[in-house]
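Heads up, the thing below is written out as structure tokens.
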Amino acid sequence: MSHLRRYEPPAVPSRPAAARSPRSVRMRRELGVSMAGPRGAVTGCKRRVGRSEEQPRGGKRNRAGTGQEKKSSHLSAALLGEDCEISLEQLSELLQYAALGRRHNAAQPSWCHIYHQSHLAGVVVIVLHELSQLHFYKFYLQFKHLRRVFRHRFTLPPPPSDFLASLCGEGAGPNPPGSAQGLISAGVECIPKSSGLDCDPIIRKYGKERRGLTSYTLTSEELKKNDYPMRDSPEYKGYMYTECDLQRTDSSPLFGLDCEMCLTARGNEVTRVSLVDAEGKCLLNELVKPESVIVNYRTRYSGITRKMLLPVKTRLPDIQTRLKKILPHDAVLVGHSLNADLQALQMIHPSVIDTSLLFARSEGRRFKLKFLAKAVLGKEIQCEQRLGHDPAEDARAALELAQFFIKKGPTKVAELNLEMLLAAERQTEISPNKSVKQPQQCGVQKQLNDPPHSSKPCILARLQGMGQKPLLLGRQELGSSGLCQSDLSTSNKQILQRALEDVPLSTFSIIQFGLNPEYFASHHLAGFCNKVRNKLTDMLTIYAGPFEESFCPKSVKKEFGKCGPIQSLTVVTETYQPYVCIQYDVLEAAQLALESLNGAEVAGSCIKVQRPITAATLDCDVLIKELEQDIENEGVIYVAGIKKSLTETDLQEEFSPLKDLETLFLPKDLQSGKHSTCCYLKFRNSHSAAEAMEAISGWAVRGSALRSRHALASGHLWRWIWKMNHSSEKQRGNNLSEKMAPRSDSEQDVRKEVKKLDHYIKKLYRSLQDNTLCVVLFPGTNSIHGSQSGLGLMGIKDDGESSAG
């Protein structure tokens, strides 16, 4: 599977906020950078395939009847494929930002985005101890409220022993080692607060007042000083001029530009070019074949490989012509050290904003784009997990940095205290004795990978230091020295009663519920896992027949393969006439085969298609219906019959006429890395999805007939099912595990307790104010008997959700 990119915060718009649709901006950010909302799978590629605009969400009339609109906070997250697993550090990052905001130097999380954070009424975290993702899906039907309210879900890794402390960002009091005061006392160079902003290089250059974009474009002297291609320079003779000579104004359009280069016999030559507009839409993202022989692809940084460039016919003159045609005559190009990109493109453009100079440090030293994106935008780019840089991502990051600077002004940028943030990043590279430095290439990435307590103060301590009293109810309470154990015999009902009283008095609350430990003892995990795995296997399996004795299994596999990827097909010979047993890789494929091929003529026989009849499948129809109605699958359809030779670009073109199409997702097999024969399409709403299913019925793409239905398995669940489906055969037949599973007579009691727990959470959720961020955590389990991943659910309550469930 190819890697999915992390979520990127939205570009600061170049038009007034009142004319902007929050959801459409969210859509542009999510889809323009290959990110989507709640839909996803193991890994794969997604592309924006449609454009849509919508009226702003969340405008509410005030109760005084003045007609003045109040902004509502809302949440957007990219939880797809590998991005559906969120670390405790990332989760702590979200809670820090939600509770504190940028006003208190908390960075916007890189994996999701909170809009209008300052309007949040509070943060409530509900922790369900000893429960995991396995338990959520084992008792899926009982967790009625949870699965109907929270649109965003993510996987958590198996928990550490100090789960709650890690969640809060374990610190050392008001001035932990990573705090500003700790850095100053350690002798790390920072900008002292007492010096004020007057000495800041940005204030000295641009002043304190906000200005239009023309104030930040480079002058002719600056262009020349920084080696930008100039028309009057003999050195750049033969370079193409963009002919963008129209007078610039503060309303001139901004375009982000970035290139990737490979080393050729002539030196650095461009091999990929990306151009994005002010809204973040990618206008150009092209591979370019150099004229000279490539001697080093620099794949680690460029992401370019020999295989990628083999079919490419585009040459540099083609790109120059396209860029010249796209750019309007008053265009302003934005980039980070854009001089290198223009030199590689052999182009001259008169008006540019260079973010490496815009955010320049003392004595002209520059910040790296990766650091600025993280420190200013709260956005993670150039991830080490991904091979090479993404020029579209870098172009978008530079553009957003310029837009942030223009909108917020020099004073706001100076107040971010970038020197101090950089000092904190360097502090993570210093060993405990502060004398031995580690390799410098770790940089910001090491800061991101370090555990929360290494560089971040505990959120509870920070809130206390600000005069706020966080609420911690349940297994642990907040004592004078931090976290301490409370009375473990306190019932869930007692915790709920106190929460209903105290949560409205606090802006940050952690409420901990739990079930009887006997219900979920560690040694029962294998039994639970076996039961869930067996149920999934039965749901993924169908039996078809009877067939004639001389039937051709290959023709049967071909026909049933049109419904989706098949894991295995075996012929059943114990019956009077032969049947086939087919196990699919995805739930949708098995259900589609059941719906479309039952009673059909296949291989010359009129056949019956059915699931195996077991105790686990007796409620299968109910479960399928509930999965279809799951809020994560809203507006998402499954499409089968895709040829493996088709790429996501091919499918993007084929499906682009569909109305309100937001996202196309083409998964790959985790083991082979090959494209699947199915894809997922996400639409703006359920009505558009239903219309698309009707339109796709009988539709052929490159000679292959398509079949579709509503989606059943969202991002984290798709991946989890795949792993369960491909787990060791030894695990499936472990009789000892079955013996250790809870008795059936006690399981009914567990279901009642789970249902009651869901009701408590529903009652607490309904009591919350609108605009409250609510996060529900199944921490997972980790013991000598095995470990299970956790599950997180989150959402911001509003009027539309308050009545749900």
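Quick note on naming: the chains in the structure tokens go A, B, ... in the order shown, residues restart at 1 in each chain, and ligands are numbered from 1 in order of appearance.
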
Quick one: residues within 12 Å of range 221-234 of chain A, only C-alpha atoms, excluding same-chain residues fewer than 3 positions away - as a JSON list (two decimals) with all heavy atoms, in the first residue's frame?
[["chain", "number", "residue", "atom", "x", "y", "z"],
["A", 216, "TYR", "N", 5.17, 42.35, 1.05],
["A", 216, "TYR", "CA", 6.05, 41.23, 1.36],
["A", 216, "TYR", "C", 6.65, 40.59, 0.11],
["A", 216, "TYR", "O", 7.39, 39.60, 0.23],
["A", 216, "TYR", "CB", 5.27, 40.18, 2.15],
["A", 216, "TYR", "CG", 4.60, 40.76, 3.38],
["A", 216, "TYR", "CD1", 3.22, 40.78, 3.51],
["A", 216, "TYR", "CD2", 5.35, 41.31, 4.40],
["A", 216, "TYR", "CE1", 2.60, 41.33, 4.62],
["A", 216, "TYR", "CE2", 4.75, 41.87, 5.52],
["A", 216, "TYR", "CZ", 3.38, 41.88, 5.62],
["A", 216, "TYR", "OH", 2.78, 42.43, 6.74],
["A", 217, "THR", "N", 6.34, 41.12, -1.06],
["A", 217, "THR", "CA", 7.00, 40.63, -2.27],
["A", 217, "THR", "C", 8.43, 41.18, -2.31],
["A", 217, "THR", "O", 8.71, 42.27, -1.82],
["A", 217, "THR", "CB", 6.25, 41.06, -3.53],
["A", 217, "THR", "OG1", 6.12, 42.49, -3.54],
["A", 217, "THR", "CG2", 4.87, 40.43, -3.58],
["A", 218, "LEU", "N", 9.34, 40.42, -2.89],
["A", 218, "LEU", "CA", 10.75, 40.80, -2.91],
["A", 218, "LEU", "C", 10.98, 41.96, -3.88],
["A", 218, "LEU", "O", 10.41, 41.99, -4.97],
["A", 218, "LEU", "CB", 11.62, 39.61, -3.32],
["A", 218, "LEU", "CG", 11.59, 38.39, -2.39],
["A", 218, "LEU", "CD1", 12.54, 37.31, -2.90],
["A", 218, "LEU", "CD2", 11.95, 38.77, -0.97],
["A", 237, "LYS", "N", 20.18, 34.32, -19.62],
["A", 237, "LYS", "CA", 19.76, 34.44, -21.02],
["A", 237, "LYS", "C", 19.21, 33.10, -21.50],
["A", 237, "LYS", "O", 19.78, 32.05, -21.26],
["A", 237, "LYS", "CB", 20.96, 34.85, -21.87],
["A", 237, "LYS", "CG", 20.58, 35.11, -23.33],
["A", 237, "LYS", "CD", 21.80, 35.57, -24.13],
["A", 237, "LYS", "CE", 21.43, 35.85, -25.57],
["A", 237, "LYS", "NZ", 22.62, 36.28, -26.36],
["A", 238, "GLY", "N", 18.06, 33.13, -22.17],
["A", 238, "GLY", "CA", 17.43, 31.92, -22.64],
["A", 238, "GLY", "C", 16.36, 31.40, -21.70],
["A", 238, "GLY", "O", 15.62, 30.47, -22.05],
["A", 239, "TYR", "N", 16.25, 31.99, -20.50],
["A", 239, "TYR", "CA", 15.19, 31.59, -19.58],
["A", 239, "TYR", "C", 13.85, 32.12, -20.08],
["A", 239, "TYR", "O", 13.78, 33.20, -20.67],
["A", 239, "TYR", "CB", 15.44, 32.14, -18.17],
["A", 239, "TYR", "CG", 16.42, 31.30, -17.34],
["A", 239, "TYR", "CD1", 17.50, 30.65, -17.93],
["A", 239, "TYR", "CD2", 16.24, 31.17, -15.98],
["A", 239, "TYR", "CE1", 18.38, 29.90, -17.18],
["A", 239, "TYR", "CE2", 17.12, 30.41, -15.21],
["A", 239, "TYR", "CZ", 18.19, 29.78, -15.82],
["A", 239, "TYR", "OH", 19.05, 29.02, -15.08],
["A", 240, "MET", "N", 12.79, 31.38, -19.87],
["A", 240, "MET", "CA", 11.46, 31.81, -20.30],
["A", 240, "MET", "C", 10.89, 32.81, -19.30],
["A", 240, "MET", "O", 10.92, 32.58, -18.09],
["A", 240, "MET", "CB", 10.51, 30.62, -20.43],
["A", 240, "MET", "CG", 9.09, 31.02, -20.81],
["A", 240, "MET", "SD", 7.95, 29.63, -21.04],
["A", 240, "MET", "CE", 8.46, 29.04, -22.65],
["A", 241, "TYR", "N", 10.34, 33.90, -19.82],
["A", 241, "TYR", "CA", 9.72, 34.91, -18.98],
["A", 241, "TYR", "C", 8.22, 34.64, -18.91],
["A", 241, "TYR", "O", 7.58, 34.36, -19.92],
["A", 241, "TYR", "CB", 9.98, 36.31, -19.56],
["A", 241, "TYR", "CG", 9.47, 37.44, -18.70],
["A", 241, "TYR", "CD1", 9.84, 37.56, -17.37],
["A", 241, "TYR", "CD2", 8.60, 38.40, -19.22],
["A", 241, "TYR", "CE1", 9.38, 38.59, -16.58],
["A", 241, "TYR", "CE2", 8.14, 39.45, -18.44],
["A", 241, "TYR", "CZ", 8.54, 39.54, -17.12],
["A", 241, "TYR", "OH", 8.08, 40.57, -16.32],
["A", 242, "THR", "N", 7.65, 34.71, -17.71],
["A", 242, "THR", "CA", 6.23, 34.41, -17.55],
["A", 242, "THR", "C", 5.32, 35.48, -18.12],
["A", 242, "THR", "O", 4.11, 35.25, -18.30],
["A", 242, "THR", "CB", 5.88, 34.22, -16.06],
["A", 242, "THR", "OG1", 6.19, 35.43, -15.35],
["A", 242, "THR", "CG2", 6.67, 33.05, -15.46],
["A", 243, "GLU", "N", 5.87, 36.66, -18.39],
["A", 243, "GLU", "CA", 5.10, 37.79, -18.92],
["A", 243, "GLU", "C", 3.96, 38.23, -17.99],
["A", 243, "GLU", "O", 2.94, 38.71, -18.46],
["A", 243, "GLU", "CB", 4.56, 37.45, -20.32],
["A", 243, "GLU", "CG", 5.65, 37.21, -21.34],
["A", 243, "GLU", "CD", 5.12, 36.91, -22.73],
["A", 243, "GLU", "OE1", 3.88, 36.95, -22.91],
["A", 243, "GLU", "OE2", 5.94, 36.66, -23.62],
["A", 337, "SER", "N", 12.57, 29.31, -0.49],
["A", 337, "SER", "CA", 13.79, 29.38, -1.30],
["A", 337, "SER", "C", 13.42, 29.13, -2.76],
["A", 337, "SER", "O", 13.95, 28.25, -3.45],
["A", 337, "SER", "CB", 14.83, 28.36, -0.83],
["A", 337, "SER", "OG", 15.23, 28.63, 0.50],
["A", 338, "LEU", "N", 12.50, 29.95, -3.23],
["A", 338, "LEU", "CA", 11.92, 29.78, -4.56],
["A", 338, "LEU", "C", 12.93, 30.02, -5.67],
["A", 338, "LEU", "O", 12.70, 29.60, -6.81],
["A", 338, "LEU", "CB", 10.73, 30.75, -4.71],
["A", 338, "LEU", "CG", 9.79, 30.57, -5.88],
["A", 338, "LEU", "CD1", 9.18, 29.18, -5.89],
["A", 338, "LEU", "CD2", 8.69, 31.63, -5.86],
["A", 339, "ASN", "N", 14.04, 30.68, -5.35],
["A", 339, "ASN", "CA", 15.06, 30.94, -6.38],
["A", 339, "ASN", "C", 15.57, 29.64, -6.99],
["A", 339, "ASN", "O", 15.79, 29.56, -8.21],
["A", 339, "ASN", "CB", 16.21, 31.75, -5.78],
["A", 339, "ASN", "CG", 16.83, 31.06, -4.58],
["A", 339, "ASN", "OD1", 16.12, 30.53, -3.72],
["A", 339, "ASN", "ND2", 18.15, 31.05, -4.50],
["A", 340, "ALA", "N", 15.75, 28.60, -6.17],
["A", 340, "ALA", "CA", 16.24, 27.32, -6.67],
["A", 340, "ALA", "C", 15.23, 26.67, -7.62],
["A", 340, "ALA", "O", 15.61, 26.08, -8.64],
["A", 340, "ALA", "CB", 16.56, 26.39, -5.51],
["A", 341, "ASP", "N", 13.95, 26.81, -7.31],
["A", 341, "ASP", "CA", 12.91, 26.23, -8.17],
["A", 341, "ASP", "C", 12.84, 26.94, -9.51],
["A", 341, "ASP", "O", 12.72, 26.29, -10.57],
["A", 341, "ASP", "CB", 11.56, 26.30, -7.46],
["A", 341, "ASP", "CG", 11.56, 25.57, -6.13],
["A", 341, "ASP", "OD1", 11.65, 24.34, -6.13],
["A", 341, "ASP", "OD2", 11.48, 26.25, -5.10],
["A", 342, "LEU", "N", 12.92, 28.28, -9.50],
["A", 342, "LEU", "CA", 12.85, 29.03, -10.75],
["A", 342, "LEU", "C", 14.09, 28.79, -11.60],
["A", 342, "LEU", "O", 14.01, 28.74, -12.83],
["A", 342, "LEU", "CB", 12.68, 30.52, -10.45],
["A", 342, "LEU", "CG", 11.31, 30.92, -9.88],
["A", 342, "LEU", "CD1", 11.29, 32.40, -9.50],
["A", 342, "LEU", "CD2", 10.20, 30.61, -10.87],
["A", 343, "GLN", "N", 15.23, 28.62, -10.94],
["A", 343, "GLN", "CA", 16.44, 28.30, -11.70],
["A", 343, "GLN", "C", 16.32, 26.92, -12.35],
["A", 343, "GLN", "O", 16.71, 26.74, -13.51],
["A", 343, "GLN", "CB", 17.65, 28.34, -10.78],
["A", 343, "GLN", "CG", 18.06, 29.75, -10.36],
["A", 343, "GLN", "CD", 19.15, 29.75, -9.31],
["A", 343, "GLN", "OE1", 19.69, 28.71, -8.96],
["A", 343, "GLN", "NE2", 19.48, 30.93, -8.80],
["A", 344, "ALA", "N", 15.79, 25.95, -11.63],
["A", 344, "ALA", "CA", 15.61, 24.61, -12.20],
["A", 344, "ALA", "C", 14.59, 24.63, -13.33],
["A", 344, "ALA", "O", 14.75, 23.91, -14.33],
["A", 344, "ALA", "CB", 15.16, 23.65, -11.11],
["A", 345, "LEU", "N", 13.57, 25.48, -13.20],
["A", 345, "LEU", "CA", 12.55, 25.60, -14.25],
["A", 345, "LEU", "C", 13.02, 26.46, -15.42],
["A", 345, "LEU", "O", 12.37, 26.50, -16.46],
["A", 345, "LEU", "CB", 11.27, 26.21, -13.68],
["A", 345, "LEU", "CG", 10.44, 25.32, -12.75],
["A", 345, "LEU", "CD1", 9.38, 26.14, -12.04],
["A", 345, "LEU", "CD2", 9.79, 24.19, -13.55],
["A", 346, "GLN", "N", 14.12, 27.17, -15.19],
["A", 346, "GLN", "CA", 14.66, 28.11, -16.18],
["A", 346, "GLN", "C", 13.58, 29.13, -16.58],
["A", 346, "GLN", "O", 13.31, 29.36, -17.76],
["A", 346, "GLN", "CB", 15.18, 27.36, -17.41],
["A", 346, "GLN", "CG", 16.34, 26.42, -17.10],
["A", 346, "GLN", "CD", 16.90, 25.71, -18.31],
["A", 346, "GLN", "OE1", 16.71, 26.17, -19.45],
["A", 346, "GLN", "NE2", 17.56, 24.59, -18.10],
["A", 347, "MET", "N", 12.99, 29.71, -15.55],
["A", 347, "MET", "CA", 11.93, 30.69, -15.75],
["A", 347, "MET", "C", 12.20, 31.93, -14.92],
["A", 347, "MET", "O", 12.82, 31.87, -13.86],
["A", 347, "MET", "CB", 10.56, 30.10, -15.40],
["A", 347, "MET", "CG", 10.14, 28.94, -16.28],
["A", 347, "MET", "SD", 8.43, 28.42, -15.99],
["A", 347, "MET", "CE", 7.52, 29.75, -16.78],
["A", 348, "ILE", "N", 11.68, 33.06, -15.40],
["A", 348, "ILE", "CA", 11.82, 34.34, -14.72],
["A", 348, "ILE", "C", 10.42, 34.85, -14.39],
["A", 348, "ILE", "O", 9.54, 34.91, -15.25],
["A", 348, "ILE", "CB", 12.56, 35.36, -15.60],
["A", 348, "ILE", "CG1", 13.97, 34.86, -15.93],
["A", 348, "ILE", "CG2", 12.63, 36.73, -14.92],
["A", 348, "ILE", "CD1", 14.68, 35.68, -16.98],
["A", 349, "HIS", "N", 10.23, 35.19, -13.12],
["A", 349, "HIS", "CA", 8.95, 35.75, -12.69],
["A", 349, "HIS", "C", 9.24, 36.96, -11.81],
["A", 349, "HIS", "O", 10.06, 36.90, -10.89],
["A", 349, "HIS", "CB", 8.15, 34.70, -11.90],
["A", 349, "HIS", "CG", 6.76, 35.15, -11.57],
["A", 349, "HIS", "ND1", 5.73, 35.15, -12.49],
["A", 349, "HIS", "CD2", 6.23, 35.65, -10.42],
["A", 349, "HIS", "CE1", 4.62, 35.61, -11.92],
["A", 349, "HIS", "NE2", 4.90, 35.92, -10.66],
["A", 350, "PRO", "N", 8.57, 38.07, -12.06],
["A", 350, "PRO", "CA", 8.95, 39.33, -11.40],
["A", 350, "PRO", "C", 8.46, 39.50, -9.97],
["A", 350, "PRO", "O", 8.97, 40.34, -9.24],
["A", 350, "PRO", "CB", 8.32, 40.39, -12.31],
["A", 350, "PRO", "CG", 7.12, 39.71, -12.90],
["A", 350, "PRO", "CD", 7.50, 38.28, -13.07],
["A", 351, "SER", "N", 7.43, 38.75, -9.54],
["A", 351, "SER", "CA", 6.82, 39.02, -8.25],
["A", 351, "SER", "C", 6.71, 37.74, -7.43],
["A", 351, "SER", "O", 5.93, 36.85, -7.77],
["A", 351, "SER", "CB", 5.43, 39.65, -8.44],
["A", 351, "SER", "OG", 4.89, 40.03, -7.20],
["A", 352, "VAL", "N", 7.51, 37.66, -6.35],
["A", 352, "VAL", "CA", 7.52, 36.45, -5.54],
["A", 352, "VAL", "C", 7.53, 36.80, -4.06],
["A", 352, "VAL", "O", 7.97, 37.87, -3.65],
["A", 352, "VAL", "CB", 8.75, 35.56, -5.85],
["A", 352, "VAL", "CG1", 8.78, 35.14, -7.29],
["A", 352, "VAL", "CG2", 10.04, 36.25, -5.45],
["A", 353, "ILE", "N", 7.00, 35.88, -3.25],
["A", 353, "ILE", "CA", 7.13, 35.93, -1.79],
["A", 353, "ILE", "C", 7.90, 34.68, -1.39],
["A", 353, "ILE", "O", 7.46, 33.56, -1.65],
["A", 353, "ILE", "CB", 5.76, 35.96, -1.10],
["A", 353, "ILE", "CG1", 5.02, 37.25, -1.43],
["A", 353, "ILE", "CG2", 5.92, 35.83, 0.42],
["A", 353, "ILE", "CD1", 3.62, 37.32, -0.83],
["A", 354, "ASP", "N", 9.05, 34.88, -0.77],
["A", 354, "ASP", "CA", 9.91, 33.77, -0.36],
["A", 354, "ASP", "C", 9.76, 33.59, 1.15],
["A", 354, "ASP", "O", 10.18, 34.44, 1.93],
["A", 354, "ASP", "CB", 11.37, 34.08, -0.72],
["A", 354, "ASP", "CG", 12.28, 32.88, -0.54],
["A", 354, "ASP", "OD1", 11.98, 32.01, 0.30],
["A", 354, "ASP", "OD2", 13.31, 32.82, -1.23],
["A", 356, "SER", "N", 11.20, 31.61, 3.16],
["A", 356, "SER", "CA", 12.45, 31.45, 3.90],
["A", 356, "SER", "C", 13.00, 32.82, 4.30],
["A", 356, "SER", "O", 13.70, 32.93, 5.31],
["A", 356, "SER", "CB", 13.48, 30.69, 3.07],
["A", 356, "SER", "OG", 13.98, 31.48, 2.00],
["A", 357, "LEU", "N", 12.69, 33.85, 3.52],
["A", 357, "LEU", "CA", 13.11, 35.22, 3.86],
["A", 357, "LEU", "C", 12.05, 35.93, 4.68],
["A", 357, "LEU", "O", 12.37, 36.78, 5.52],
["A", 357, "LEU", "CB", 13.37, 36.00, 2.56],
["A", 357, "LEU", "CG", 14.48, 35.43, 1.65],
["A", 357, "LEU", "CD1", 14.51, 36.19, 0.33],
["A", 357, "LEU", "CD2", 15.82, 35.50, 2.35],
["A", 358, "LEU", "N", 10.78, 35.59, 4.46],
["A", 358, "LEU", "CA", 9.69, 36.25, 5.18],
["A", 358, "LEU", "C", 9.79, 35.98, 6.69],
["A", 358, "LEU", "O", 9.55, 36.87, 7.50],
["A", 358, "LEU", "CB", 8.35, 35.72, 4.65],
["A", 358, "LEU", "CG", 7.08, 36.47, 5.03],
["A", 358, "LEU", "CD1", 7.11, 37.89, 4.47],
["A", 358, "LEU", "CD2", 5.86, 35.73, 4.53],
["A", 364, "GLY", "N", 19.84, 37.14, 9.37],
["A", 364, "GLY", "CA", 19.48, 36.57, 8.08],
["A", 364, "GLY", "C", 19.42, 35.07, 8.03],
["A", 364, "GLY", "O", 19.18, 34.50, 6.96]]

Within 7 Å of Val270 in chain A, counting only C-alpha atoms, which residues qualify if same-chain residues fewer than 5 places away don't, as a PyMOL selection string?
-> chain A and resi 259-262+288+290+344-345

How far is it from CA of Ala99 in chain A to CA of Ile510 in chain A, in Å with one decimal?
->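 One can read the CA of Ala99 in chain A to CA of Ile510 in chain A distance as 12.2 Å.
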
May I have the residues within 6 Å of Ser110 in chain A as number ranges by chain, using only C-alpha atoms and disregarding those fewer than 4 positions away in the same chain?
-> A: 378-380

Go through A:Asn534, A:Ser292, A:Thr299, A:Ser656 and flag the residue nearest Lys138 in chain A, using only C-alpha atoms for the distances.
->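 Checking each of A:Asn534, A:Ser292, A:Thr299, A:Ser656 against Lys138 in chain A, counting only C-alpha atoms, the winner is A:Asn534.
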
Residue nearest Ala600 in chain A among A:Ile566, A:Val572, A:Ala544, A:Ile624 (counting only C-alpha atoms) | A:Ala544

CA of Leu377 in chain A to CA of His74 in chain A, distance in Å rounded to a single decimal =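 Taking CA of Leu377 in chain A as the start and CA of His74 in chain A as the end point, the length is 17.5 Å.
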
Output as a PyMOL selection string all residues of range 132-347 of chain A that backbone DSSP marks as strand (DSSP E or B).
-> chain A and resi 152-156+240-241+254-264+267-276+282-287+294-296+332-335+347

For Ile304 in chain A: contacts at 12 Å, only C-alpha atoms, fewer than 6 positions along chain excluded, given as a list in words =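 In the requested format, the answer is Cys259, Glu260, Met261, Cys262, Leu263, Val270, Thr271, Arg272, Val273, Glu286, Leu287, Val288, Lys289, Ile294, Asn296, Tyr297, Arg298, Leu310, Val312, Leu387, Gly388, His389, Asp390 and Pro391 of chain A.
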
So that I have them on file, write out the residues from the current selection with C-alpha atoms, as a compact mmCIF listing (two decimals), in the first residue's frame.
# COMPACT_ATOMS: atom_id res chain seq x y z
CA CYS A 259 9.88 21.44 -7.55
CA GLU A 260 11.85 18.26 -6.94
CA MET A 261 15.17 17.77 -8.64
CA CYS A 262 17.43 14.85 -9.56
CA LEU A 263 21.15 15.02 -10.26
CA VAL A 270 13.71 19.40 -12.39
CA THR A 271 11.83 16.08 -12.39
CA ARG A 272 8.55 17.08 -10.73
CA VAL A 273 6.63 20.35 -10.55
CA GLU A 286 3.63 16.74 -13.23
CA LEU A 287 6.63 14.49 -13.63
CA VAL A 288 9.27 15.84 -16.00
CA LYS A 289 11.90 13.83 -17.86
CA ILE A 294 20.22 11.03 -14.48
CA ASN A 296 21.43 10.15 -8.96
CA TYR A 297 17.67 10.09 -8.47
CA ARG A 298 18.03 11.24 -4.83
CA LEU A 310 10.21 5.56 -17.64
CA VAL A 312 7.05 10.08 -18.87
CA LEU A 387 9.70 8.22 0.67
CA GLY A 388 10.76 11.63 -0.56
CA HIS A 389 9.21 15.07 -0.30
CA ASP A 390 5.85 15.83 -1.87
CA PRO A 391 6.19 19.08 -3.86

Any idea what's packed within 10 Å of Phe551 in chain A, counting only C-alpha atoms, ignoring anything in its chain fewer than 4 positions away? Could you give it as a ChimeraX atom specification?
-> /A:546-547,555-556,578,602-605

Using only C-alpha atoms, which residues sit within 9 Å of Leu773 in chain A once same-chain residues fewer than 5 positions away are excluded, as a list in words?
->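 In the requested format, the answer is Ser73, His74, Leu75, Ala98, Leu120, Ala121, Gly122, Val123, Val124, Val125, Met794, Gly795, Ile796 and Lys797 of chain A.
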